[in-house]
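Engineer: My structure is below; once you've seen it, I'll send some questions.
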Amino acid sequence: MIEKALKGNRPYWIWITLLLLVIVSGISAFSQQLRLGLSVTGLGEGACWGISAMQFSFMASVAASSVLIVLPFYLHDYKPFGNIVVIAQFLGASASAIALLSLFIDTGKPQLLLDLLRYATPFSPYTWAFFLLNGYFFINLVTGWATLGAERKGVPVAAWVKPLIYLSIPWSIVLPVVTGFVFVSFSGNHWIASLLVFRLLASAFAAGTAVLLLIILILQRTTGFDAGTKVADKLVMLVTYAGSLTFALIGLECFFRSQTQPLMCLSLLFGITSVAVFFVPAWKSSARWLIAASVGVAFSLWVEDGVLLLSSSMGGVVAYVPTLKEVFMTLGVLAIGLLFLTILLKAVVAVKRAD
Amino acid sequence: MNEERREFIKKTSIGFLAGIGASSGFFLNFLMEKTDASLWAGKSIAGTIRWGMLIDMRQCIDGCQKCVDACRLAHNVPDFGNATHQIEWLQKSPYREVFPTSGEDFAGQERIGKSVPSLCNHCADPPCASACPTQATFKRFDGIVALDYHRCTGCRTCMASCPYGAISFNWREPRHAIKALNESYPTRETGVVEKCNFCSERLLKGKLPACVEACPEKTLTFGNLNDPKSEIRLLLEKNQTMQRKPELGTLPSVFYII
């Protein structure tokens, strides 16, 4: 199936080339970081985690959201999702990979990353986040690939696949919660700790479904793959609910917080505007509006994840401006994930259209 | 064909696992460093020693940097002359930065105008040690919160979880920035964290921490908090002292008389 990724039209190859370029620039920036240390980033005594960590927490959320497709399809036998369940699983796998790579480039000694396995510490949330992301990556990749393979051959899925898929359901609830614990242990976040984990769970579902909706709309435009109107409607419904809940929670926090953060308000403004689009019937049926609104929801939640990290341990908000190299590295990681996803989706579309 | 392939994969993987199992038996003695349990027999049991420090600000001379300089020299702490990448084990900072929640906003300048030495508090319940994913930051039997530079992956969760900002990260190569190299203590490299270790390497030789020894006044008192007859305990009994951010429940082992 993987060979399908080697055939494509012009826009496909332009997209691949673009991703490769971003990856190369990321790798070049990363090689400089390996040589010079993390001093090439904008981090320092004040902000010790930056955009790479933002990407980690955001992508862990996106990964977890595949449960919203997997659960109705496998537990409630909601047939329309059968069309996109593999896409959701592959999105889960790619997002986990991006989250893990973001952690990788953010450590001072990436060569010691496997020590996280060797010296695994049961009371450290960071250890758990690492383990859960790895597990989630493999479960989603393996089960998605097996499901797709069975579909191509027209045979029922192997018996070992279903238990793994059932396992992925509680896994995806635990994943954003544990990622949340990593940030609760940040001393700057004591005040908002009560809401943080719940909010991350809600925002995980909002951001993830928005990204999934975006992917399906893009596939529809570029490959003619049609997930069906029922699927799109259902996804819009999920984004609307999860998005409304998330932005209500963020709004509440903004309201009760003693010092308001301009970035948070910006995120909130973006988010509410985007969710509002989903409420207007005329806009809801237009792909253009849906794309814009999905991007809006995802972007606003990405920014919001960042605000969590910028609360300083000594109180207040720290000044932090990422350097260009840091941006290249983070985008490079994102591009690796997107390339991976593109290849997987190419196989999915080929099987679905029975090429 | 398919059946054959399946059989082949099954057999090779069983063989592979068996190989790993067998070889781990052979190599176990080479890979693992042996611990001699008898070495621990004479050591103090957890809880009998808890090293602590009392900083008496009534004695501290404003502008004096002798403790800070002694610490930098003793531990090869680099000096970049750059606030963002600076590494500090012991530093003197304005009162409000050290005690942001002490409620002494309106106290007179003679009390809060001085800069206060701040260092790792060696908390009894250290948030950094529970955040570390590899136990590179850990609590020793004598209460010292220690760091294994070789095990640190540079994830910086300890920095983020320390409410006192006591942990520094090597953002760049530190060895070029060491003013005077001290051969008796190891240097660090790019990508690991470091912080005050209560001079555990000196305690081992029966010496006091470098900062305590360097202080020209009697500002710093070091001792065993669990020994009721120690000097530090007597001082703690007689004086009204405070800790940094006691409301967080980290139970610092560093006390202050303001």
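Letters for chains follow the order of the structure tokens (A, B, ...), residue numbers begin at 1 for each chain, and ligand numbers begin at 1 in the order shown.
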Give one line per residue of chain B that approaches chain A to at most 6 Å, naming the two atoms of the closest pair and their distance in Å to one decimal, counting only C-alpha atoms; sort by chain then ascending residue number and deliver it as a Markdown table.
Structural biologist:
| residue | atom | partner | partner_atom | distance |
| --- | --- | --- | --- | --- |
| B:Thr84 | CA | A:Gly44 | CA | 4.8 |
| B:His85 | CA | A:Gly44 | CA | 5.6 |
| B:Ser130 | CA | A:Ser124 | CA | 5.7 |
| B:Ala131 | CA | A:Ser124 | CA | 5.0 |
| B:Pro133 | CA | A:Thr127 | CA | 4.9 |
| B:Thr134 | CA | A:Tyr119 | CA | 4.9 |
| B:Thr153 | CA | A:Lys109 | CA | 5.1 |
| B:Gly154 | CA | A:Gly108 | CA | 4.0 |
| B:Cys155 | CA | A:Thr107 | CA | 4.6 |
| B:Ala160 | CA | A:Phe186 | CA | 5.1 |
| B:Ser161 | CA | A:Phe186 | CA | 4.4 |
| B:Pro163 | CA | A:Ser187 | CA | 5.5 |
| B:Trp171 | CA | A:Ser39 | CA | 4.8 |
| B:Arg172 | CA | A:Gly37 | CA | 4.9 |
| B:Thr190 | CA | A:Gly37 | CA | 5.8 |
| B:Gly191 | CA | A:Gly108 | CA | 3.7 |
Engineer: Grab the CA of Val211 in chain A to CA of Trp160 in chain A distance for me, in Å with one decimal place.
Structural biologist: 29.0 Å
Engineer: Out of range 248-299 of chain A, which residues get helix (DSSP H, G or I) from DSSP, as number ranges by chain?
Structural biologist: A: 248-256, 262-279, 281-284, 287-299
Engineer: Figure out the distance between CA of Val85 in chain A and CA of Pro72 in chain A, please, to one decimal in Å.
Structural biologist: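 Computing it gives 9.7 Å between the two atoms.
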Engineer: Give me the residues near range 2-19 of chain A as a list in words, where near means some atom within 10 Å (using only C-alpha atoms) and where sequence neighbours in that chain fewer than 2 positions away do not count.
Structural biologist: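 Neighbouring residues, sequence-local ones excluded: Leu21, Val22, Ile23, Val24, Thr222, Thr223, Leu331, Gly332, Leu334, Ala335, Ile336, Gly337, Leu338, Leu339, Thr342, Ile343, Leu344, Leu345, Lys346, Ala347, Val348, Val349, Ala350, Val351 and Asp355 of chain A.
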Engineer: Hey, what's within 7 Å of range 123-125 of chain B if we count only C-alpha atoms and toss same-chain stuff fewer than 6 positions away? As a PyMOL selection string, please?
Structural biologist: chain B and resi 143+250-253
Engineer: If we count only C-alpha atoms and set the cut-off at 9 Å, which residues sit around range 87-92 of chain A, ignoring sequence neighbours fewer than 4 positions away in its own chain? Please answer as a VMD selection string.
Structural biologist: chain A and resid 59 to 60 62 to 70 83 96 to 97 136 to 137 139 to 141 143 to 145 208 211 to 212 215 to 216 341 344 to 345 348
Engineer: Take the residues from that selection and write them out as a PDB file, in the first residue's frame, keeping N, CA and C atoms.
Structural biologist:
ATOM      1  N   MET A  59      -0.120  18.862  20.182  1.00  0.00           N
ATOM      2  CA  MET A  59      -0.211  17.664  19.356  1.00  0.00           C
ATOM      3  C   MET A  59      -0.639  16.442  20.163  1.00  0.00           C
ATOM      4  N   ALA A  60      -0.266  16.415  21.456  1.00  0.00           N
ATOM      5  CA  ALA A  60      -0.752  15.327  22.305  1.00  0.00           C
ATOM      6  C   ALA A  60      -2.274  15.401  22.388  1.00  0.00           C
ATOM      7  N   VAL A  62      -4.294  16.774  20.064  1.00  0.00           N
ATOM      8  CA  VAL A  62      -4.845  16.415  18.752  1.00  0.00           C
ATOM      9  C   VAL A  62      -4.864  14.896  18.600  1.00  0.00           C
ATOM     10  N   ALA A  63      -3.779  14.254  19.033  1.00  0.00           N
ATOM     11  CA  ALA A  63      -3.686  12.801  18.913  1.00  0.00           C
ATOM     12  C   ALA A  63      -4.840  12.132  19.653  1.00  0.00           C
ATOM     13  N   ALA A  64      -5.099  12.620  20.863  1.00  0.00           N
ATOM     14  CA  ALA A  64      -6.110  11.977  21.698  1.00  0.00           C
ATOM     15  C   ALA A  64      -7.502  12.050  21.092  1.00  0.00           C
ATOM     16  N   SER A  65      -7.739  13.086  20.289  1.00  0.00           N
ATOM     17  CA  SER A  65      -9.099  13.313  19.812  1.00  0.00           C
ATOM     18  C   SER A  65      -9.589  12.231  18.860  1.00  0.00           C
ATOM     19  N   SER A  66      -8.695  11.356  18.372  1.00  0.00           N
ATOM     20  CA  SER A  66      -9.163  10.331  17.445  1.00  0.00           C
ATOM     21  C   SER A  66     -10.192   9.424  18.120  1.00  0.00           C
ATOM     22  N   VAL A  67     -10.227   9.463  19.443  1.00  0.00           N
ATOM     23  CA  VAL A  67     -11.195   8.644  20.174  1.00  0.00           C
ATOM     24  C   VAL A  67     -12.633   9.034  19.814  1.00  0.00           C
ATOM     25  N   LEU A  68     -12.834  10.293  19.448  1.00  0.00           N
ATOM     26  CA  LEU A  68     -14.192  10.750  19.136  1.00  0.00           C
ATOM     27  C   LEU A  68     -14.736  10.082  17.875  1.00  0.00           C
ATOM     28  N   ILE A  69     -13.852   9.545  17.048  1.00  0.00           N
ATOM     29  CA  ILE A  69     -14.276   8.813  15.858  1.00  0.00           C
ATOM     30  C   ILE A  69     -14.264   7.316  16.152  1.00  0.00           C
ATOM     31  N   VAL A  70     -13.199   6.880  16.851  1.00  0.00           N
ATOM     32  CA  VAL A  70     -13.022   5.451  17.117  1.00  0.00           C
ATOM     33  C   VAL A  70     -14.134   4.926  18.021  1.00  0.00           C
ATOM     34  N   ASN A  83     -15.933   5.331   7.296  1.00  0.00           N
ATOM     35  CA  ASN A  83     -15.199   5.960   6.204  1.00  0.00           C
ATOM     36  C   ASN A  83     -13.927   6.659   6.651  1.00  0.00           C
ATOM     37  N   SER A  96       0.975  12.044  17.514  1.00  0.00           N
ATOM     38  CA  SER A  96       1.837  11.523  18.589  1.00  0.00           C
ATOM     39  C   SER A  96       3.298  11.637  18.191  1.00  0.00           C
ATOM     40  N   ALA A  97       3.587  11.319  16.918  1.00  0.00           N
ATOM     41  CA  ALA A  97       4.976  11.390  16.447  1.00  0.00           C
ATOM     42  C   ALA A  97       5.487  12.828  16.539  1.00  0.00           C
ATOM     43  N   TYR A 136       0.624   5.175  22.150  1.00  0.00           N
ATOM     44  CA  TYR A 136      -0.482   5.642  21.314  1.00  0.00           C
ATOM     45  C   TYR A 136      -0.084   5.660  19.848  1.00  0.00           C
ATOM     46  N   PHE A 137       1.159   6.066  19.614  1.00  0.00           N
ATOM     47  CA  PHE A 137       1.684   6.083  18.246  1.00  0.00           C
ATOM     48  C   PHE A 137       1.608   4.684  17.642  1.00  0.00           C
ATOM     49  N   ILE A 139      -0.032   1.900  18.697  1.00  0.00           N
ATOM     50  CA  ILE A 139      -1.370   1.310  18.638  1.00  0.00           C
ATOM     51  C   ILE A 139      -2.122   1.837  17.422  1.00  0.00           C
ATOM     52  N   ASN A 140      -2.097   3.160  17.241  1.00  0.00           N
ATOM     53  CA  ASN A 140      -2.859   3.744  16.145  1.00  0.00           C
ATOM     54  C   ASN A 140      -2.294   3.369  14.789  1.00  0.00           C
ATOM     55  N   LEU A 141      -0.984   3.367  14.698  1.00  0.00           N
ATOM     56  CA  LEU A 141      -0.358   3.043  13.415  1.00  0.00           C
ATOM     57  C   LEU A 141      -0.648   1.593  13.037  1.00  0.00           C
ATOM     58  N   THR A 143      -2.944  -0.636  14.281  1.00  0.00           N
ATOM     59  CA  THR A 143      -4.350  -0.999  14.066  1.00  0.00           C
ATOM     60  C   THR A 143      -4.898  -0.337  12.805  1.00  0.00           C
ATOM     61  N   GLY A 144      -4.523   0.908  12.568  1.00  0.00           N
ATOM     62  CA  GLY A 144      -4.981   1.609  11.362  1.00  0.00           C
ATOM     63  C   GLY A 144      -4.506   0.894  10.112  1.00  0.00           C
ATOM     64  N   TRP A 145      -3.240   0.515  10.128  1.00  0.00           N
ATOM     65  CA  TRP A 145      -2.643  -0.140   8.955  1.00  0.00           C
ATOM     66  C   TRP A 145      -3.294  -1.509   8.723  1.00  0.00           C
ATOM     67  N   GLY A 208      -8.592  18.657  18.047  1.00  0.00           N
ATOM     68  CA  GLY A 208      -8.424  17.464  17.230  1.00  0.00           C
ATOM     69  C   GLY A 208      -9.499  17.318  16.173  1.00  0.00           C
ATOM     70  N   VAL A 211      -8.945  19.779  13.425  1.00  0.00           N
ATOM     71  CA  VAL A 211      -7.890  19.361  12.501  1.00  0.00           C
ATOM     72  C   VAL A 211      -8.393  18.246  11.581  1.00  0.00           C
ATOM     73  N   LEU A 212      -9.151  17.314  12.148  1.00  0.00           N
ATOM     74  CA  LEU A 212      -9.678  16.201  11.348  1.00  0.00           C
ATOM     75  C   LEU A 212     -10.640  16.715  10.277  1.00  0.00           C
ATOM     76  N   ILE A 215      -8.664  18.159   7.548  1.00  0.00           N
ATOM     77  CA  ILE A 215      -8.048  17.143   6.694  1.00  0.00           C
ATOM     78  C   ILE A 215      -9.079  16.585   5.711  1.00  0.00           C
ATOM     79  N   ILE A 216     -10.267  16.318   6.203  1.00  0.00           N
ATOM     80  CA  ILE A 216     -11.282  15.726   5.333  1.00  0.00           C
ATOM     81  C   ILE A 216     -11.698  16.707   4.239  1.00  0.00           C
ATOM     82  N   LEU A 341       1.948  11.768   7.655  1.00  0.00           N
ATOM     83  CA  LEU A 341       0.485  11.717   7.514  1.00  0.00           C
ATOM     84  C   LEU A 341       0.090  11.673   6.049  1.00  0.00           C
ATOM     85  N   LEU A 344       0.585   8.243   4.624  1.00  0.00           N
ATOM     86  CA  LEU A 344      -0.449   7.330   5.123  1.00  0.00           C
ATOM     87  C   LEU A 344      -1.796   7.612   4.455  1.00  0.00           C
ATOM     88  N   LEU A 345      -2.125   8.896   4.335  1.00  0.00           N
ATOM     89  CA  LEU A 345      -3.426   9.255   3.764  1.00  0.00           C
ATOM     90  C   LEU A 345      -3.490   8.904   2.282  1.00  0.00           C
ATOM     91  N   VAL A 348      -4.568   5.517   2.204  1.00  0.00           N
ATOM     92  CA  VAL A 348      -5.987   5.426   2.564  1.00  0.00           C
ATOM     93  C   VAL A 348      -6.857   5.768   1.361  1.00  0.00           C
TER      94      VAL A 348
END
Engineer: Just the residues within 12 Å of Glu104 in chain B, please, counting only C-alpha atoms, with nothing from its chain fewer than 5 positions along; format it as a PyMOL selection string.
Structural biologist: chain B and resi 95-96+98-99+109+111-113+242+258
Engineer: Nearest to Lys195 in chain B: which of B:Ala129, B:Ala136, B:Ala107, B:Ala146 is it, counting only C-alpha atoms?
Structural biologist: B:Ala146
Engineer: Per DSSP on the backbone, what are the strand (DSSP E or B) residues of range 65-216 of chain B, as a PyMOL selection string?
Structural biologist: chain B and resi 90-94+115-119+137-139+145-147+168-169+193-194
Engineer: Keeping only N, CA and C atoms, write the selected residues as a PDB file, in the first residue's frame.
Structural biologist:
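Output below, filename out.pdb:
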ATOM      1  N   LEU B  90      24.516  30.026  43.985  1.00  0.00           N
ATOM      2  CA  LEU B  90      24.238  30.886  45.132  1.00  0.00           C
ATOM      3  C   LEU B  90      24.312  32.310  44.611  1.00  0.00           C
ATOM      4  N   GLN B  91      23.307  33.117  44.912  1.00  0.00           N
ATOM      5  CA  GLN B  91      23.360  34.494  44.437  1.00  0.00           C
ATOM      6  C   GLN B  91      22.738  35.397  45.489  1.00  0.00           C
ATOM      7  N   LYS B  92      23.051  36.688  45.380  1.00  0.00           N
ATOM      8  CA  LYS B  92      22.410  37.644  46.276  1.00  0.00           C
ATOM      9  C   LYS B  92      21.393  38.443  45.472  1.00  0.00           C
ATOM     10  N   SER B  93      20.133  38.367  45.878  1.00  0.00           N
ATOM     11  CA  SER B  93      19.064  39.020  45.130  1.00  0.00           C
ATOM     12  C   SER B  93      18.275  39.941  46.049  1.00  0.00           C
ATOM     13  N   PRO B  94      17.565  40.915  45.463  1.00  0.00           N
ATOM     14  CA  PRO B  94      16.750  41.823  46.276  1.00  0.00           C
ATOM     15  C   PRO B  94      15.734  41.056  47.130  1.00  0.00           C
ATOM     16  N   SER B 115      20.255  42.975  49.888  1.00  0.00           N
ATOM     17  CA  SER B 115      20.107  41.828  48.998  1.00  0.00           C
ATOM     18  C   SER B 115      20.423  40.561  49.805  1.00  0.00           C
ATOM     19  N   VAL B 116      19.622  39.528  49.554  1.00  0.00           N
ATOM     20  CA  VAL B 116      19.607  38.332  50.393  1.00  0.00           C
ATOM     21  C   VAL B 116      20.235  37.161  49.632  1.00  0.00           C
ATOM     22  N   PRO B 117      21.134  36.397  50.285  1.00  0.00           N
ATOM     23  CA  PRO B 117      21.667  35.207  49.602  1.00  0.00           C
ATOM     24  C   PRO B 117      20.545  34.190  49.370  1.00  0.00           C
ATOM     25  N   SER B 118      20.466  33.663  48.149  1.00  0.00           N
ATOM     26  CA  SER B 118      19.462  32.636  47.884  1.00  0.00           C
ATOM     27  C   SER B 118      20.138  31.461  47.190  1.00  0.00           C
ATOM     28  N   LEU B 119      19.701  30.271  47.538  1.00  0.00           N
ATOM     29  CA  LEU B 119      20.299  29.046  46.995  1.00  0.00           C
ATOM     30  C   LEU B 119      19.223  27.968  46.988  1.00  0.00           C
ATOM     31  N   THR B 137      17.516  14.177  39.339  1.00  0.00           N
ATOM     32  CA  THR B 137      17.379  14.997  40.539  1.00  0.00           C
ATOM     33  C   THR B 137      16.737  14.109  41.594  1.00  0.00           C
ATOM     34  N   PHE B 138      17.376  13.963  42.734  1.00  0.00           N
ATOM     35  CA  PHE B 138      16.841  13.039  43.735  1.00  0.00           C
ATOM     36  C   PHE B 138      17.208  13.501  45.139  1.00  0.00           C
ATOM     37  N   LYS B 139      16.480  13.003  46.117  1.00  0.00           N
ATOM     38  CA  LYS B 139      16.754  13.370  47.503  1.00  0.00           C
ATOM     39  C   LYS B 139      17.638  12.321  48.143  1.00  0.00           C
ATOM     40  N   VAL B 145      19.194  17.576  48.219  1.00  0.00           N
ATOM     41  CA  VAL B 145      18.601  17.289  46.920  1.00  0.00           C
ATOM     42  C   VAL B 145      19.740  17.336  45.909  1.00  0.00           C
ATOM     43  N   ALA B 146      20.119  16.173  45.416  1.00  0.00           N
ATOM     44  CA  ALA B 146      21.321  16.056  44.596  1.00  0.00           C
ATOM     45  C   ALA B 146      20.967  15.870  43.130  1.00  0.00           C
ATOM     46  N   LEU B 147      22.015  16.011  42.291  1.00  0.00           N
ATOM     47  CA  LEU B 147      21.819  15.950  40.850  1.00  0.00           C
ATOM     48  C   LEU B 147      22.855  15.028  40.225  1.00  0.00           C
ATOM     49  N   SER B 168      19.612  25.991  37.386  1.00  0.00           N
ATOM     50  CA  SER B 168      20.053  26.640  36.137  1.00  0.00           C
ATOM     51  C   SER B 168      20.323  25.580  35.088  1.00  0.00           C
ATOM     52  N   PHE B 169      20.199  25.984  33.835  1.00  0.00           N
ATOM     53  CA  PHE B 169      20.429  25.061  32.725  1.00  0.00           C
ATOM     54  C   PHE B 169      21.629  25.544  31.924  1.00  0.00           C
ATOM     55  N   VAL B 193      21.238  20.378  33.630  1.00  0.00           N
ATOM     56  CA  VAL B 193      20.938  21.385  34.648  1.00  0.00           C
ATOM     57  C   VAL B 193      21.947  21.256  35.787  1.00  0.00           C
ATOM     58  N   GLU B 194      22.032  22.293  36.597  1.00  0.00           N
ATOM     59  CA  GLU B 194      22.874  22.227  37.789  1.00  0.00           C
ATOM     60  C   GLU B 194      22.346  23.176  38.837  1.00  0.00           C
TER      61      GLU B 194
END
Engineer: Please compute the CA of Ile49 in chain B-CA of Asp142 in chain B distance, one decimal, in Å.
Structural biologist: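 Atom-to-atom, CA of Ile49 in chain B to CA of Asp142 in chain B, that is 4.9 Å.
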Engineer: Do you know which residues are at most 12 Å from range 197-214 of chain B counting only C-alpha atoms, after dropping those on the same chain fewer than 4 positions away, and could you put them as a PyMOL selection string?
Structural biologist: chain B and resi 43+50-56+60+64-75+88-91+117-123+137-149+166-167+184-186+218-224+253-254
